[in-house]
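Engineer: Below is one structure. I have some questions about it.
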2 protein chains.
Amino acid sequence: MNYDEAKNKFISTWGALGTLWGINKAMAQIHALLLISPEPLSMEDIMEELQISRGNTSMNLRQLMDWGIVFKENKMGERKEYFTSEKDVQELARQIAKERSRRELKPTIKILNDVSKIQEDGTAKTTELIKQTKALHEMADTLDILMNKVVGQDHNWITKALVKLIK
Amino acid sequence: MNYDEAKNKFISTWGALGTLWGINKAMAQIHALLLISPEPLSMEDIMEELQISRGNTSMNLRQLMDWGIVFKENKMGERKEYFTSEKDVQELARQIAKERSRRELKPTIKILNDVSKIQEDGTAKTTELIKQTKALHEMADTLDILMNKVVGQDHNWITKALVKLIK
DNA sequence: TTAAACTTTCAAAAAATATTGAAACTTAAT
DNA sequence: ATTAAGTTTCAATATTTTTTGAAAGTTTAA
């Protein structure tokens, strides 16, 4: 496998995996491209490389910046904008975990909490709803802590220790 | 909030969350419904409750069974098939983690490994591709171990201890 | 073996999502 | 103030995904 084959394989794999996790293909591919690019890339570079339109590129770059994993960069003396990705995969994971917690997990936890607090009335269906939403609430809470603390820990020593412990 | 409001809120939240994670709405909602139902439900019950077609119900139930989180049940003397969900959320998480590892993580790890093994040629772009895919490979490996071991641990004592430790 | 009860399949339709491209907008230099 | 270089927006279009519903299939009982 030569460089170009490997690069294409990586970019398309990343795109496919993204799709599976609810992230659109263009967004995942732009991210993959920036992640392995030693130099910042311009919008033109990205459009050219991935064969996507200007509008698509612009919108998805914005989203990646909203996620805090892609940054604008300016080359001195140049008007054009360049883009780089967060290169440290540990930091990348931390950022994604933090954002998914904020956008998805925390709101869900809130709703599970509300639902689990309805008035018990002794019927089987109410009992079951309360029981299950309580259990999910507790699990989501644990997951939230893990996502924000473990992944975000300094140099990730806890994770490493843990893996050694149970491997 | 009364029972029906709470039930609807739970089902629609679960559906929306599923969508965000690449799981279709009907599938997530069927699962939510079964999760809080004290009794097994027939296909008719599900169609009625969620207002979806027979074909849709049938296909999504099959997928849920493929994931190993919904089961067929037969009531004695009845021809109709009934369905229940795994009710233990710990076991549910274990099963989902196991399946996502098998279907998505393991194949990705394989490809990251292949890509990271290309011949170094001293160019910056090759060096970067190798470095980044190696880093992702290592991280995916760790995640895979955590998903299969930690979540699957007997009664989840490790997770609980860990959460106490770092909360 | 026939028929009734029920489930699955799958082509067509609908809905949701992603993409394009050109006009509108912004910024900086002359 | 004008223009040129570049970016963003968004209505229209294309693509993908989901859903429907009816025909085909299966199973059980008479």
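Chain labels follow the order of the structure tokens: the first chain is A, the next B, and so on; residue numbering restarts at 1 in every chain, and ligands are counted from 1 in their shown order.
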Residues of chain D within 10 Å of chain B: nearest atom pair and distance (Å, one decimal) for each, counting only C-alpha atoms (C1' of nucleotides), sorted by chain and number, as a Markdown table?
Structural biologist:
```
| residue | atom | partner | partner_atom | distance |
| --- | --- | --- | --- | --- |
| D:DT17 | C1' | B:Asn24 | CA | 9.0 |
| D:DT18 | C1' | B:Asn24 | CA | 8.0 |
| D:DT19 | C1' | B:Asn56 | CA | 6.4 |
| D:DT20 | C1' | B:Ser53 | CA | 6.4 |
| D:DG21 | C1' | B:Gly55 | CA | 7.8 |
| D:DT27 | C1' | B:Arg79 | CA | 9.0 |
| D:DT28 | C1' | B:Arg79 | CA | 8.1 |
```
Engineer: Restricted to C-alpha atoms (C1' of nucleotides), what would the selected residues look like written as a PDB file, in the first residue's frame?
Structural biologist:
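Result went into part25.pdb, see below:
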```pdb
ATOM      1  C1'  DT D  17     -32.572   6.709   4.465  1.00  0.00           C
ATOM      2  C1'  DT D  18     -36.876   5.429   6.229  1.00  0.00           C
ATOM      3  C1'  DT D  19     -41.480   4.029   5.780  1.00  0.00           C
ATOM      4  C1'  DT D  20     -45.405   2.045   3.699  1.00  0.00           C
ATOM      5  C1'  DG D  21     -48.538  -1.511   2.212  1.00  0.00           C
ATOM      6  C1'  DT D  27     -47.259 -22.049  10.422  1.00  0.00           C
ATOM      7  C1'  DT D  28     -50.910 -24.215  12.785  1.00  0.00           C
TER       8       DT D  28
END
```
Engineer: As JSON, numbers by chain, could you give me every residue of chain A near chain B (at most 9 Å apart, counting only C-alpha atoms)?
Structural biologist: {"A": [1, 2, 3, 5, 6, 7, 9, 10, 13, 14, 17, 19, 20, 21, 22, 23, 35, 36, 37, 38, 39, 87, 88, 89, 90, 104, 105, 108, 111, 112, 114, 115, 116, 117, 118, 119, 124, 125, 126, 127, 128, 129, 130, 131, 132, 133, 135, 136, 139, 142, 145, 146, 149, 150, 159, 160, 162, 163, 166, 167]}
Engineer: Grab the residues selected above and save them as an mmCIF file, in the first residue's frame with C-alpha atoms.
Structural biologist:
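The resulting file, selection_9.cif, is reproduced below:
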```
data_model
loop_
_atom_site.group_PDB
_atom_site.id
_atom_site.type_symbol
_atom_site.label_atom_id
_atom_site.label_comp_id
_atom_site.auth_asym_id
_atom_site.auth_seq_id
_atom_site.Cartn_x
_atom_site.Cartn_y
_atom_site.Cartn_z
ATOM 1 C CA MET A 1 0.000 0.000 0.000
ATOM 2 C CA ASN A 2 1.501 3.337 -1.015
ATOM 3 C CA TYR A 3 0.921 6.761 0.498
ATOM 4 C CA GLU A 5 -3.815 4.441 -1.169
ATOM 5 C CA ALA A 6 -3.276 4.653 2.565
ATOM 6 C CA LYS A 7 -4.451 8.241 2.733
ATOM 7 C CA LYS A 9 -8.323 4.421 2.816
ATOM 8 C CA PHE A 10 -7.976 6.399 6.014
ATOM 9 C CA THR A 13 -12.877 4.815 6.590
ATOM 10 C CA TRP A 14 -13.176 7.861 8.801
ATOM 11 C CA LEU A 17 -17.369 5.503 10.617
ATOM 12 C CA THR A 19 -21.825 8.205 9.158
ATOM 13 C CA LEU A 20 -22.427 5.262 11.470
ATOM 14 C CA TRP A 21 -22.219 7.611 14.459
ATOM 15 C CA GLY A 22 -24.476 10.308 13.070
ATOM 16 C CA ILE A 23 -21.750 12.576 11.686
ATOM 17 C CA LEU A 35 -5.675 15.379 10.940
ATOM 18 C CA ILE A 36 -3.026 13.843 8.692
ATOM 19 C CA SER A 37 -1.986 16.987 6.895
ATOM 20 C CA PRO A 38 1.367 18.319 8.135
ATOM 21 C CA GLU A 39 0.454 21.796 6.878
ATOM 22 C CA LYS A 87 -3.461 16.959 16.342
ATOM 23 C CA ASP A 88 -3.259 15.406 19.786
ATOM 24 C CA VAL A 89 -5.705 12.491 19.704
ATOM 25 C CA GLN A 90 -6.001 12.495 23.482
ATOM 26 C CA GLU A 104 -26.617 15.203 24.297
ATOM 27 C CA LEU A 105 -25.955 13.488 27.575
ATOM 28 C CA THR A 108 -31.037 13.509 28.317
ATOM 29 C CA ILE A 111 -35.332 14.476 31.004
ATOM 30 C CA LEU A 112 -34.722 11.053 32.553
ATOM 31 C CA ASP A 114 -38.006 14.558 35.210
ATOM 32 C CA VAL A 115 -39.687 11.424 33.920
ATOM 33 C CA SER A 116 -38.498 9.269 36.812
ATOM 34 C CA LYS A 117 -40.014 11.748 39.266
ATOM 35 C CA ILE A 118 -43.653 11.248 38.246
ATOM 36 C CA GLN A 119 -46.125 10.306 40.926
ATOM 37 C CA ALA A 124 -47.468 -1.905 37.074
ATOM 38 C CA LYS A 125 -46.822 0.390 34.125
ATOM 39 C CA THR A 126 -46.036 3.410 36.287
ATOM 40 C CA THR A 127 -43.804 1.347 38.536
ATOM 41 C CA GLU A 128 -41.903 0.032 35.534
ATOM 42 C CA LEU A 129 -41.492 3.451 33.928
ATOM 43 C CA ILE A 130 -40.105 4.884 37.145
ATOM 44 C CA LYS A 131 -37.818 1.939 37.739
ATOM 45 C CA GLN A 132 -36.334 1.916 34.248
ATOM 46 C CA THR A 133 -35.890 5.647 33.873
ATOM 47 C CA ALA A 135 -31.813 2.999 36.229
ATOM 48 C CA LEU A 136 -31.047 4.784 32.957
ATOM 49 C CA MET A 139 -26.159 4.894 34.237
ATOM 50 C CA THR A 142 -21.952 7.511 35.547
ATOM 51 C CA ILE A 145 -18.674 11.473 34.841
ATOM 52 C CA LEU A 146 -16.463 9.024 33.000
ATOM 53 C CA LYS A 149 -13.221 13.055 34.027
ATOM 54 C CA VAL A 150 -11.480 9.931 32.809
ATOM 55 C CA THR A 159 -7.083 5.076 31.727
ATOM 56 C CA LYS A 160 -3.678 3.483 31.286
ATOM 57 C CA LEU A 162 -7.102 0.815 34.449
ATOM 58 C CA VAL A 163 -6.351 -0.946 31.203
ATOM 59 C CA ILE A 166 -8.064 -5.444 33.781
ATOM 60 C CA LYS A 167 -6.621 -6.343 30.392
#
```
Engineer: If we count only C-alpha atoms (C1' of nucleotides), what is near D:DG6 at a cut-off of 12 Å, once residues fewer than 3 positions away on the same chain are taken out, given as a PyMOL selection string?
Structural biologist: (chain A and resi 42-44+54+58+78-82) or (chain C and resi 25-28)
Engineer: Could you give me, as a Markdown table, a per-residue list for chain C showing, wherever an atom lies at most 8 Å from an atom of chain B, the closest pair of atoms and their distance in Å to one decimal, using only C-alpha atoms (C1' of nucleotides) and sorting by chain then residue number from low to high?
Structural biologist:
```
| residue | atom | partner | partner_atom | distance |
| --- | --- | --- | --- | --- |
| C:DA5 | C1' | B:Arg79 | CA | 7.7 |
| C:DC6 | C1' | B:Lys80 | CA | 6.6 |
| C:DT7 | C1' | B:Ser58 | CA | 7.7 |
| C:DT8 | C1' | B:Ser58 | CA | 7.4 |
```
Engineer: Mind giving me the straight-line distance from atom CA of A:Leu34 to atom CA of A:Ser85 in Å, one decimal?
Structural biologist: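 For atom CA of A:Leu34 relative to atom CA of A:Ser85, the distance reads 5.4 Å.
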Engineer: Atom CA of A:Asp144 and atom CA of A:Glu86 are how many Å apart?
Structural biologist: 22.7 Å
Engineer: Excluding stretch 27-30 of chain B and its own-chain neighbours fewer than 5 positions away, which residues fall within 6 Å of it when counting only C-alpha atoms (C1' of nucleotides)? Please give them as a list in words.
Structural biologist: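 After dropping sequence-adjacent residues, the list is Ile11, Gly15, Gly18 and Asn60 of chain B.
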Engineer: Can you write out the residues you just picked, keeping C-alpha atoms, as a PDB file, in the first residue's frame?
Structural biologist:
```pdb
ATOM      1  CA  ILE B  11     -40.171   7.474  24.030  1.00  0.00           C
ATOM      2  CA  GLY B  15     -35.961   8.284  19.541  1.00  0.00           C
ATOM      3  CA  GLY B  18     -30.995   7.410  18.785  1.00  0.00           C
ATOM      4  CA  ASN B  60     -36.902  -2.940  13.216  1.00  0.00           C
TER       5      ASN B  60
END
```
